[in-house]
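**Student:** I'm passing along structure10.tsv; it holds TSV, C-alpha atoms.
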chain	number	residue	atom	x	y	z
T	268	MET	CA	-44.45	-203.32	0.47
T	269	ALA	CA	-45.17	-202.48	-3.15
T	270	LYS	CA	-46.06	-205.24	-5.57
T	271	ARG	CA	-43.29	-205.64	-8.17
T	272	ILE	CA	-44.56	-205.11	-11.70
T	273	ALA	CA	-43.16	-205.14	-15.24
T	274	LEU	CA	-42.38	-201.91	-17.06
T	275	HIS	CA	-45.15	-202.45	-19.59
T	276	GLN	CA	-47.65	-202.71	-16.72
T	277	LEU	CA	-46.43	-199.38	-15.36
T	278	VAL	CA	-46.83	-197.75	-18.77
T	279	GLU	CA	-50.36	-199.14	-19.06
T	280	LYS	CA	-51.28	-197.68	-15.67
T	281	ILE	CA	-50.03	-194.25	-16.73
T	282	GLN	CA	-51.72	-194.32	-20.13
T	283	SER	CA	-55.04	-195.40	-18.62
T	284	GLY	CA	-54.86	-192.83	-15.82
T	285	LYS	CA	-55.04	-195.58	-13.19
T	286	LEU	CA	-51.70	-194.92	-11.52
T	287	THR	CA	-52.46	-193.94	-7.91
T	288	PRO	CA	-50.37	-191.41	-5.93
T	289	GLN	CA	-49.08	-194.23	-3.74
T	290	GLU	CA	-48.07	-196.27	-6.79
T	291	ALA	CA	-46.27	-193.23	-8.21
T	292	ARG	CA	-44.25	-193.04	-5.00
T	293	ASP	CA	-43.54	-196.76	-5.15
T	294	TYR	CA	-42.51	-196.97	-8.79
T	295	PHE	CA	-40.62	-193.71	-9.33
T	296	LEU	CA	-37.79	-191.84	-7.67
T	297	VAL	CA	-37.39	-188.06	-8.10
T	298	GLU	CA	-34.57	-185.84	-6.90
T	299	PRO	CA	-33.48	-182.26	-7.59
T	300	ASN	CA	-31.10	-181.81	-10.53
T	301	ALA	CA	-28.25	-179.93	-8.89
T	302	HIS	CA	-26.84	-178.93	-12.28
T	303	ARG	CA	-30.00	-177.21	-13.47
T	304	PRO	CA	-32.32	-174.99	-11.44
T	305	PHE	CA	-36.06	-175.67	-11.48
T	306	ASP	CA	-35.34	-179.20	-12.72
T	307	PHE	CA	-35.58	-182.72	-11.33
T	308	ASN	CA	-34.02	-186.06	-12.23
T	309	THR	CA	-36.58	-188.83	-12.48
T	310	TYR	CA	-35.89	-192.55	-12.23
T	311	ILE	CA	-37.82	-195.77	-12.21
T	312	ASN	CA	-37.51	-197.58	-8.89
T	313	THR	CA	-35.98	-200.81	-10.08
T	314	ASP	CA	-36.70	-202.45	-6.71
T	315	ASN	CA	-40.37	-202.38	-7.64
T	316	VAL	CA	-40.31	-202.34	-11.45
T	317	ASP	CA	-38.78	-204.98	-13.69
T	318	VAL	CA	-36.78	-203.08	-16.35
T	319	ARG	CA	-34.63	-205.85	-17.75
T	320	ASN	CA	-33.15	-204.78	-21.12
T	321	LEU	CA	-34.48	-201.25	-20.56
T	322	GLU	CA	-32.01	-200.01	-18.00
T	323	ALA	CA	-31.40	-196.72	-19.84
T	324	LEU	CA	-35.07	-195.83	-19.58
T	325	ALA	CA	-35.01	-196.59	-15.87
T	326	ARG	CA	-32.19	-194.08	-15.39
T	327	ASP	CA	-34.10	-191.33	-17.20
T	328	ALA	CA	-37.82	-191.75	-16.68
T	329	ASP	CA	-38.73	-188.15	-17.51
T	330	GLN	CA	-40.84	-189.11	-20.53
T	331	LEU	CA	-42.95	-191.37	-18.36
T	332	VAL	CA	-43.25	-189.07	-15.35
T	333	ARG	CA	-44.40	-186.10	-17.43
T	334	HIS	CA	-47.49	-188.07	-18.47
T	335	ILE	CA	-48.62	-188.87	-14.94
T	336	PRO	CA	-51.91	-186.96	-14.49
T	337	ALA	CA	-52.80	-184.75	-11.58
T	338	ALA	CA	-53.80	-186.48	-8.38
T	339	PRO	CA	-57.39	-187.82	-8.43
T	340	ALA	CA	-58.42	-185.53	-5.60
T	341	ALA	CA	-57.42	-182.52	-7.66
T	342	ARG	CA	-59.31	-183.74	-10.74
T	343	LYS	CA	-62.48	-184.44	-8.79
T	344	LYS	CA	-62.56	-181.17	-6.89
T	345	LYS	CA	-65.70	-179.28	-7.86
T	346	ALA	CA	-64.98	-176.26	-10.01
T	347	VAL	CA	-66.01	-172.86	-8.70
T	348	ARG	CA	-68.22	-170.79	-10.98
T	349	ARG	CA	-66.40	-167.71	-12.19
T	350	ARG	CA	-67.93	-164.31	-12.87
T	351	VAL	CA	-66.40	-164.40	-16.34
T	352	THR	CA	-66.93	-167.49	-18.47
T	353	PRO	CA	-63.50	-169.10	-18.90
T	354	ARG	CA	-62.15	-169.05	-22.44
T	355	PRO	CA	-59.49	-171.40	-23.82
T	356	ILE	CA	-56.07	-170.75	-22.30
T	357	VAL	CA	-52.70	-172.37	-22.95
T	358	ALA	CA	-49.91	-172.41	-20.38
T	359	GLU	CA	-46.23	-172.87	-21.17
T	360	GLY	CA	-43.48	-172.78	-18.62
T	361	ASP	CA	-41.19	-174.41	-16.12
T	362	SER	CA	-41.67	-176.01	-12.71
T	363	TRP	CA	-43.66	-173.06	-11.38
T	364	PHE	CA	-46.41	-174.31	-13.71
T	365	ARG	CA	-45.82	-178.07	-13.48
T	366	LEU	CA	-44.07	-180.31	-10.99
T	367	PRO	CA	-43.77	-184.10	-11.12
T	368	GLN	CA	-47.08	-185.55	-9.94
T	369	ILE	CA	-45.33	-187.64	-7.32
T	370	PHE	CA	-45.65	-187.11	-3.59
T	371	PRO	CA	-44.52	-185.02	-1.79
T	372	PHE	CA	-44.35	-182.35	-4.50
T	373	PRO	CA	-46.98	-179.64	-4.05
T	374	ASN	CA	-49.54	-178.52	-6.57
T	375	THR	CA	-48.75	-175.52	-8.76
T	376	CYS	CA	-50.81	-172.44	-9.51
T	377	ILE	CA	-51.95	-174.05	-12.78
T	378	ASP	CA	-53.32	-177.05	-10.87
T	379	TYR	CA	-55.40	-174.71	-8.72
T	380	LEU	CA	-56.55	-172.58	-11.66
T	381	GLN	CA	-57.79	-175.74	-13.37
T	382	GLN	CA	-59.63	-176.69	-10.20
T	383	LEU	CA	-61.28	-173.26	-10.27
T	384	GLY	CA	-62.70	-174.06	-13.68
T	385	TYR	CA	-60.29	-172.27	-16.01
T	386	ALA	CA	-59.95	-174.16	-19.30
T	387	ILE	CA	-56.16	-174.41	-19.37
T	388	THR	CA	-54.04	-176.69	-21.54
T	389	ASN	CA	-50.80	-177.03	-19.60
T	390	LEU	CA	-47.71	-177.62	-21.76
T	391	ALA	CA	-45.22	-176.70	-19.04
T	392	HIS	CA	-42.46	-179.00	-17.89
T	393	TRP	CA	-40.04	-178.71	-15.01
T	394	GLY	CA	-36.51	-177.74	-16.04
T	395	ASP	CA	-37.37	-176.20	-19.41
T	396	THR	CA	-35.44	-173.08	-20.33
T	397	LEU	CA	-36.76	-170.09	-22.23
T	398	ASP	CA	-34.73	-171.14	-25.29
T	399	GLN	CA	-36.29	-174.59	-25.24
T	400	MET	CA	-39.82	-173.24	-24.98
T	401	LEU	CA	-39.38	-170.78	-27.82
T	402	LEU	CA	-37.58	-173.27	-30.04
T	403	ALA	CA	-40.26	-175.95	-29.56
T	404	GLY	CA	-43.10	-173.44	-29.94
T	405	GLN	CA	-45.64	-175.98	-28.73
T	406	PHE	CA	-48.01	-173.21	-27.67
T	407	TRP	CA	-48.36	-171.60	-31.11
T	408	PRO	CA	-50.89	-174.11	-32.52
T	409	TYR	CA	-53.13	-173.38	-29.53
T	410	ILE	CA	-52.85	-169.61	-29.94
T	411	ASP	CA	-53.28	-169.84	-33.70
T	412	GLY	CA	-56.21	-172.20	-33.18
T	413	GLY	CA	-58.25	-169.93	-30.97
T	414	ASP	CA	-56.88	-169.74	-27.42
T	415	ASP	CA	-57.03	-166.13	-26.23
T	416	LEU	CA	-54.42	-166.19	-23.49
T	417	LEU	CA	-50.91	-167.57	-23.06
T	418	LEU	CA	-49.81	-167.99	-19.46
T	419	PHE	CA	-46.01	-167.98	-19.43
T	420	SER	CA	-43.49	-168.95	-16.76
T	421	ALA	CA	-39.90	-168.78	-17.91
T	422	GLY	CA	-36.49	-167.30	-17.30
T	423	GLY	CA	-35.76	-168.69	-13.86
T	424	ASN	CA	-33.32	-171.26	-15.16
T	425	ASP	CA	-31.82	-168.77	-17.56
T	426	ILE	CA	-31.18	-165.82	-15.26
T	427	ILE	CA	-29.34	-167.88	-12.66
T	428	GLY	CA	-27.10	-169.49	-15.23
T	429	ASN	CA	-28.67	-172.92	-15.80
T	430	GLY	CA	-26.78	-174.33	-12.85
T	431	GLY	CA	-23.92	-171.85	-13.12
T	432	LEU	CA	-25.00	-169.40	-10.43
T	433	ALA	CA	-21.54	-169.43	-8.88
T	434	THR	CA	-20.06	-167.93	-12.05
T	435	PHE	CA	-22.14	-164.80	-11.46
T	436	LEU	CA	-20.89	-164.29	-7.89
T	437	ASN	CA	-17.72	-162.83	-6.43
T	438	MET	CA	-15.96	-164.65	-3.61
T	439	PHE	CA	-16.96	-163.84	-0.04
T	440	ASP	CA	-15.19	-160.82	1.43
T	441	VAL	CA	-15.09	-160.20	5.19
T	442	ASP	CA	-15.42	-156.48	4.49
T	443	HIS	CA	-18.77	-157.04	2.73
T	444	THR	CA	-21.03	-158.97	5.08
T	445	LYS	CA	-24.15	-156.82	5.33
T	446	PRO	CA	-27.29	-157.39	3.20
T	447	SER	CA	-26.71	-153.91	1.77
T	448	ASP	CA	-23.44	-155.26	0.31
T	449	ALA	CA	-25.31	-157.57	-2.06
T	450	PRO	CA	-24.42	-155.51	-5.19
T	451	TYR	CA	-20.73	-156.16	-4.48
T	452	TYR	CA	-21.23	-159.88	-5.08
T	453	VAL	CA	-23.22	-159.85	-8.32
T	454	LYS	CA	-20.92	-159.74	-11.32
T	455	GLN	CA	-21.61	-157.85	-14.53
T	456	GLY	CA	-21.93	-161.22	-16.24
T	457	PHE	CA	-25.27	-161.71	-14.49
T	458	PHE	CA	-26.66	-158.50	-15.96
T	459	ASP	CA	-25.25	-159.24	-19.41
T	460	ASN	CA	-26.95	-162.63	-19.34
T	461	LEU	CA	-30.16	-161.06	-18.04
T	462	GLU	CA	-30.27	-158.63	-20.94
T	463	ALA	CA	-29.82	-161.53	-23.38
T	464	VAL	CA	-32.70	-163.43	-21.73
T	465	VAL	CA	-35.03	-160.45	-21.84
T	466	SER	CA	-34.09	-159.72	-25.46
T	467	ASN	CA	-34.83	-163.34	-26.35
T	468	LEU	CA	-38.21	-163.05	-24.66
T	469	GLU	CA	-39.06	-159.89	-26.58
T	470	LEU	CA	-37.79	-161.03	-29.99
T	471	GLY	CA	-38.79	-164.66	-29.70
T	472	LEU	CA	-42.23	-164.37	-28.08
T	473	ILE	CA	-43.71	-160.90	-27.65
T	474	ARG	CA	-43.02	-159.49	-31.12
T	475	PRO	CA	-44.10	-162.68	-32.91
T	476	MET	CA	-47.32	-162.65	-30.87
T	477	ALA	CA	-47.92	-159.03	-31.85
T	478	ALA	CA	-47.34	-159.88	-35.51
T	479	ARG	CA	-49.58	-162.94	-35.49
T	480	HIS	CA	-52.29	-162.05	-32.97
T	481	ALA	CA	-52.27	-158.46	-31.80
T	482	ASN	CA	-55.63	-159.01	-30.06
T	483	LYS	CA	-54.41	-161.88	-27.86
T	484	LYS	CA	-52.46	-161.59	-24.64
T	485	ILE	CA	-49.54	-163.04	-22.72
T	486	ILE	CA	-49.63	-163.12	-18.92
T	487	MET	CA	-46.17	-163.70	-17.49
T	488	HIS	CA	-44.93	-163.60	-13.91
T	489	GLY	CA	-41.66	-162.64	-12.34
T	490	TYR	CA	-40.48	-164.94	-9.58
T	491	ASP	CA	-40.68	-164.35	-5.84
T	492	TYR	CA	-37.81	-163.92	-3.40
T	493	ALA	CA	-36.43	-167.44	-3.12
T	494	ILE	CA	-34.49	-168.28	0.04
T	495	PRO	CA	-31.08	-170.02	-0.23
T	496	ARG	CA	-30.70	-172.96	2.12
T	497	PRO	CA	-27.52	-174.49	3.55
T	498	GLN	CA	-26.45	-177.24	1.12
T	499	GLY	CA	-29.38	-176.29	-1.11
T	500	GLU	CA	-29.06	-177.90	-4.53
T	501	TRP	CA	-29.73	-174.79	-6.60
T	502	LEU	CA	-28.87	-171.71	-4.55
T	503	GLY	CA	-27.20	-172.59	-1.28
T	504	SER	CA	-24.48	-174.89	-2.61
T	505	PRO	CA	-23.35	-172.60	-5.48
T	506	MET	CA	-23.20	-169.72	-2.99
T	507	GLN	CA	-21.23	-171.81	-0.52
T	508	SER	CA	-18.71	-172.61	-3.25
T	509	GLN	CA	-18.00	-168.87	-3.30
T	510	GLY	CA	-17.77	-168.67	0.48
T	511	LEU	CA	-21.30	-167.30	0.85
T	512	ASP	CA	-22.78	-169.71	3.37
T	513	PRO	CA	-26.51	-169.28	4.13
T	514	THR	CA	-25.87	-170.83	7.54
T	515	PHE	CA	-23.77	-167.88	8.71
T	516	ASN	CA	-24.75	-165.15	6.22
T	517	ALA	CA	-28.45	-165.79	5.66
T	518	GLY	CA	-29.37	-162.11	5.32
T	519	LEU	CA	-26.63	-161.43	2.81
T	520	CYS	CA	-27.42	-164.52	0.72
T	521	GLN	CA	-31.11	-163.64	0.64
T	522	ALA	CA	-30.28	-160.07	-0.35
T	523	ILE	CA	-28.21	-161.30	-3.30
T	524	VAL	CA	-31.09	-163.43	-4.58
T	525	ARG	CA	-33.46	-160.54	-3.94
T	526	LEU	CA	-31.30	-158.27	-6.10
T	527	MET	CA	-31.37	-160.81	-8.95
T	528	ILE	CA	-35.12	-161.35	-8.72
T	529	ASP	CA	-35.74	-157.59	-8.62
T	530	ALA	CA	-33.57	-157.08	-11.71
T	531	TYR	CA	-35.64	-159.61	-13.67
T	532	ASN	CA	-38.96	-158.20	-12.47
T	533	VAL	CA	-37.93	-154.65	-13.37
T	534	ARG	CA	-37.21	-155.72	-16.94
T	535	LEU	CA	-40.48	-157.64	-17.24
T	536	LYS	CA	-42.34	-154.57	-16.00
T	537	ALA	CA	-40.59	-152.48	-18.66
T	538	LEU	CA	-41.73	-154.94	-21.35
T	539	ALA	CA	-45.28	-154.66	-20.04
T	540	SER	CA	-45.11	-150.88	-20.39
T	541	LYS	CA	-43.73	-151.17	-23.91
T	542	TYR	CA	-46.31	-153.74	-25.06
T	543	LYS	CA	-49.19	-152.77	-22.77
T	544	ASP	CA	-51.94	-154.04	-25.10
T	545	LEU	CA	-50.33	-157.45	-25.41
T	546	PHE	CA	-47.99	-158.34	-22.53
T	547	ILE	CA	-49.28	-158.47	-18.95
T	548	TYR	CA	-46.68	-158.71	-16.20
T	549	LEU	CA	-47.66	-160.28	-12.88
T	550	ASP	CA	-45.56	-159.15	-9.92
T	551	LEU	CA	-45.39	-162.03	-7.42
T	552	ARG	CA	-42.72	-160.57	-5.15
T	553	GLY	CA	-43.74	-160.84	-1.53
T	554	THR	CA	-46.48	-163.36	-2.27
T	555	ILE	CA	-44.83	-166.41	-0.73
T	556	GLY	CA	-44.28	-166.27	3.02
T	557	LYS	CA	-40.96	-167.42	4.45
T	558	ALA	CA	-42.63	-170.54	5.84
T	559	GLU	CA	-44.38	-171.26	2.52
T	560	TRP	CA	-41.36	-172.40	0.51
T	561	TYR	CA	-41.40	-176.12	-0.29
T	562	ASP	CA	-37.74	-176.01	-1.32
T	563	GLU	CA	-35.33	-173.31	-2.47
T	564	LEU	CA	-37.28	-172.42	-5.61
T	565	HIS	CA	-40.87	-173.63	-5.26
T	566	GLY	CA	-43.70	-172.60	-2.98
T	567	ASN	CA	-45.87	-175.08	-1.13
T	568	ASP	CA	-49.59	-175.63	-1.66
T	569	ALA	CA	-50.55	-172.52	0.29
T	570	ALA	CA	-48.21	-170.43	-1.86
T	571	ALA	CA	-49.57	-171.97	-5.06
T	572	ARG	CA	-53.11	-171.05	-4.05
T	573	LYS	CA	-52.11	-167.43	-3.49
T	574	ILE	CA	-50.31	-167.28	-6.83
T	575	ALA	CA	-53.33	-168.86	-8.54
T	576	ALA	CA	-55.57	-166.16	-7.05
T	577	LYS	CA	-53.37	-163.45	-8.56
T	578	PHE	CA	-53.37	-165.18	-11.92
T	579	ALA	CA	-57.16	-165.57	-11.74
T	580	LYS	CA	-57.58	-161.85	-11.21
T	581	ALA	CA	-55.32	-161.07	-14.18
T	582	ILE	CA	-57.05	-163.66	-16.38
T	583	ASP	CA	-60.51	-162.31	-15.56
T	584	ALA	CA	-59.42	-158.74	-16.33
T	585	ALA	CA	-57.77	-159.77	-19.60
T	586	THR	CA	-60.81	-161.83	-20.62
T	587	VAL	CA	-63.15	-158.90	-20.01
T	588	THR	CA	-60.93	-156.67	-22.17
T	589	THR	CA	-60.87	-159.27	-24.94
T	590	LEU	CA	-64.65	-159.61	-24.86
T	591	GLN	CA	-65.11	-155.84	-24.99
T	592	LYS	CA	-62.85	-155.59	-28.03
T	593	SER	CA	-64.69	-158.42	-29.73
T	594	VAL	CA	-68.04	-156.70	-29.16
T	595	ALA	CA	-66.64	-153.42	-30.45
T	596	ARG	CA	-65.42	-155.05	-33.66
T	597	VAL	CA	-68.88	-156.51	-34.24
T	598	TYR	CA	-71.06	-153.50	-33.46
T	599	LEU	CA	-69.02	-150.37	-34.15
T	600	PRO	CA	-69.09	-150.71	-37.96
T	601	SER	CA	-72.90	-150.81	-38.02
T	602	ARG	CA	-73.11	-147.81	-35.70
T	603	ALA	CA	-70.74	-145.88	-37.92
T	604	ALA	CA	-72.87	-146.71	-40.92
T	605	ALA	CA	-75.92	-145.45	-39.09
Give the structure from the file, written as structure tokens.
**Tutor:**
Amino acid sequence: MAKRIALHQLVEKIQSGKLTPQEARDYFLVEPNAHRPFDFNTYINTDNVDVRNLEALARDADQLVRHIPAAPAARKKKAVRRRVTPRPIVAEGDSWFRLPQIFPFPNTCIDYLQQLGYAITNLAHWGDTLDQMLLAGQFWPYIDGGDDLLLFSAGGNDIIGNGGLATFLNMFDVDHTKPSDAPYYVKQGFFDNLEAVVSNLELGLIRPMAARHANKKIIMHGYDYAIPRPQGEWLGSPMQSQGLDPTFNAGLCQAIVRLMIDAYNVRLKALASKYKDLFIYLDLRGTIGKAEWYDELHGNDAAARKIAAKFAKAIDAATVTTLQKSVARVYLPSRAAA
């Protein structure tokens, strides 16, 4: 049984980095936020923490949980020497880049990239929307200050309606039960919203990056084919409210999500073609095996390692290109003069 402590003692443990994984499980409670995809509600476990006069904080412990460091085992893992010397990188994103550091949540690809020795400052936070990231702009000081790469994970919340997935779906129809019928169920409102999200990404991130730092790069992924689950907080339940039950129509429900994920990836690929010297799109479709999903929207540790490997390859290639351009800027003028 956990030792009951005062709130100030819990804060001290977090600030000093002495909170153990077991203590995190004892002192915090985390559950999916059914009203917002890729997000979690975090609470202080008042059975084990004295929060007298601070009950409001106990009901919303997000500010405390976000400062819990990675598990000690992850921090102590020996870094692997890379062929290309890592350069400063900043990561901004949602729960695909950072999950609450409380068991049993898996590591993310950023956790594994950091273990591999990549110098990444991770600003991501579960539940953040694209609008929130762009409005806060926390990554700009890092880019302006010298970081060469921005790893970006965003849009998942936005494209499935920030908890309003059901509004994008037509009601179940017994004449449309095959996976090939998926287009019947996706309303035009989904595509209208998708275009707004992609436009926001282009106008709020890519063009400003081009104007401020044309020589720096953004690496952004599209999501993989998530699998709706019966009573699932983020996909399954909204689908069931429209009569699309993953229990009885698993293939159809998966096809609908597949259509949505494909639509987003296609638009990210188009942006990469339009801004090929600046914006790198990472296609992760088919990366996560069916048995490698931790929940409806997040892969497990094995999946995170595979995603990290794909990011590592893209980072190494982008870093080589950046180094080559830097060398060219230094030496080409003197050669021309000669």
**Student:** Compute the distance from (-32.2, -182.0, -12.1) to each atom, counting only C-alpha atoms, keep the residues with any atom at most 12 Å away, and return them as an MDAnalysis selection string; use the coordinates of the file.
**Tutor:** chainID T and resid 297:310 327 329 362 367 393:395 424 429:430 500:501
**Student:** Write the residues you've just listed into a file as a PDB file, in the frame of the given file, and include C-alpha atoms for each of them.
**Tutor:**
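Everything below was put into part17.pdb:
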ATOM      1  CA  VAL T 297     -37.390-188.060  -8.100  1.00  0.00           C
ATOM      2  CA  GLU T 298     -34.570-185.840  -6.900  1.00  0.00           C
ATOM      3  CA  PRO T 299     -33.480-182.260  -7.590  1.00  0.00           C
ATOM      4  CA  ASN T 300     -31.100-181.810 -10.530  1.00  0.00           C
ATOM      5  CA  ALA T 301     -28.250-179.930  -8.890  1.00  0.00           C
ATOM      6  CA  HIS T 302     -26.840-178.930 -12.280  1.00  0.00           C
ATOM      7  CA  ARG T 303     -30.000-177.210 -13.470  1.00  0.00           C
ATOM      8  CA  PRO T 304     -32.320-174.990 -11.440  1.00  0.00           C
ATOM      9  CA  PHE T 305     -36.060-175.670 -11.480  1.00  0.00           C
ATOM     10  CA  ASP T 306     -35.340-179.200 -12.720  1.00  0.00           C
ATOM     11  CA  PHE T 307     -35.580-182.720 -11.330  1.00  0.00           C
ATOM     12  CA  ASN T 308     -34.020-186.060 -12.230  1.00  0.00           C
ATOM     13  CA  THR T 309     -36.580-188.830 -12.480  1.00  0.00           C
ATOM     14  CA  TYR T 310     -35.890-192.550 -12.230  1.00  0.00           C
ATOM     15  CA  ASP T 327     -34.100-191.330 -17.200  1.00  0.00           C
ATOM     16  CA  ASP T 329     -38.730-188.150 -17.510  1.00  0.00           C
ATOM     17  CA  SER T 362     -41.670-176.010 -12.710  1.00  0.00           C
ATOM     18  CA  PRO T 367     -43.770-184.100 -11.120  1.00  0.00           C
ATOM     19  CA  TRP T 393     -40.040-178.710 -15.010  1.00  0.00           C
ATOM     20  CA  GLY T 394     -36.510-177.740 -16.040  1.00  0.00           C
ATOM     21  CA  ASP T 395     -37.370-176.200 -19.410  1.00  0.00           C
ATOM     22  CA  ASN T 424     -33.320-171.260 -15.160  1.00  0.00           C
ATOM     23  CA  ASN T 429     -28.670-172.920 -15.800  1.00  0.00           C
ATOM     24  CA  GLY T 430     -26.780-174.330 -12.850  1.00  0.00           C
ATOM     25  CA  GLU T 500     -29.060-177.900  -4.530  1.00  0.00           C
ATOM     26  CA  TRP T 501     -29.730-174.790  -6.600  1.00  0.00           C
TER      27      TRP T 501
END
**Student:** Considering all atoms listed in the file, return as an mmCIF file with C-alpha atoms, in the frame of the given file whatever protein or nucleic-acid residues lie within 12 Å of T:Lys541, sequence-local ones (same chain, fewer than 4 positions apart) excluded.
**Tutor:**
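Writing the result to selection.cif gives the following:
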data_model
loop_
_atom_site.group_PDB
_atom_site.id
_atom_site.type_symbol
_atom_site.label_atom_id
_atom_site.label_comp_id
_atom_site.auth_asym_id
_atom_site.auth_seq_id
_atom_site.Cartn_x
_atom_site.Cartn_y
_atom_site.Cartn_z
ATOM 1 C CA GLU T 469 -39.060 -159.890 -26.580
ATOM 2 C CA ILE T 473 -43.710 -160.900 -27.650
ATOM 3 C CA ARG T 474 -43.020 -159.490 -31.120
ATOM 4 C CA ALA T 477 -47.920 -159.030 -31.850
ATOM 5 C CA ARG T 534 -37.210 -155.720 -16.940
ATOM 6 C CA LEU T 535 -40.480 -157.640 -17.240
ATOM 7 C CA LYS T 536 -42.340 -154.570 -16.000
ATOM 8 C CA ALA T 537 -40.590 -152.480 -18.660
ATOM 9 C CA LEU T 545 -50.330 -157.450 -25.410
ATOM 10 C CA PHE T 546 -47.990 -158.340 -22.530
ATOM 11 C CA ILE T 547 -49.280 -158.470 -18.950
ATOM 12 C CA TYR T 548 -46.680 -158.710 -16.200
#
**Student:** Could you tell me how far atom CA of T:Ala273 sits from atom CA of T:Val318, in Å to one decimal place?
**Tutor:** 6.8 Å
**Student:** Could you tell me how far atom CA of T:Glu563 lies from atom CA of T:Ile494, in Å and to one decimal?
**Tutor:**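 So the two atoms, atom CA of T:Glu563 and atom CA of T:Ile494, lie 5.7 Å apart.
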**Student:** Mind listing as a PyMOL selection string all residues within 10 Å of (-27.5, -174.8, -0.9), counting only C-alpha atoms?
**Tutor:** chain T and resi 301+494-508+511-514+563
**Student:** Rank T:His392, T:His443, T:Lys483, T:Lys280 by their smallest atom-to-atom distance to T:Glu359, using only C-alpha atoms, and report the top residue only.
**Tutor:**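 Nearest candidate to T:Glu359 out of T:His392, T:His443, T:Lys483, T:Lys280: T:His392.
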**Student:** Can you tell me, as number ranges by chain, what residues are no more than 9 Å from T:Lys270 when counting only C-alpha atoms, ignoring any on the same chain fewer than 6 positions away?
**Tutor:** T: 293, 315-316
**Student:** Pick the closest to T:Val533 from T:Val278, T:Val465, T:Ala584, T:Met476: which is it, counting all atoms listed in the file?
**Tutor:** T:Val465
**Student:** Using all atoms listed in the file, which residue out of T:Thr375, T:Ser447, T:Gln368, T:Asn516 lies closest to T:Ile335?
**Tutor:**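 Among T:Thr375, T:Ser447, T:Gln368, T:Asn516, it is T:Gln368 that comes nearest to T:Ile335.
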**Student:** To one decimal place in Å, what is the distance between atom CA of T:Lys580 and atom CA of T:Glu559?
**Tutor:**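 Calculated distance between atom CA of T:Lys580 and atom CA of T:Glu559 is 21.2 Å.
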**Student:** Which polymer residues have any atom within 12 Å of an atom of T:Gly471, counting only C-alpha atoms, with same-chain residues fewer than 5 positions away left out, as a PyMOL selection string?
**Tutor:** chain T and resi 397-404+407+463-466+476-478
**Student:** Compare T:Leu274, T:Leu380, T:Ile369, T:Met527 by their minimum atom-to-atom distance to T:Leu432, counting all atoms listed in the file, and give me the closest one.
**Tutor:**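 The shortest atom-to-atom distance to T:Leu432 comes from T:Met527.
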**Student:** Check the smallest atom-to-atom distance from each of T:Lys543, T:Glu290, T:Gln521, T:Leu366 to T:Thr444 using only C-alpha atoms, then report the winner.
**Tutor:**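 Using only C-alpha atoms, the shortest distance to T:Thr444 belongs to T:Gln521.
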**Student:** Report as a ChimeraX atom specification all protein, DNA and RNA residues lying within 9 Å of stretch 567-571 of chain T, evaluated on only C-alpha atoms, omitting residues in the same chain fewer than 5 positions from it.
**Tutor:** /T:363,372-379,554-556,558-562,576
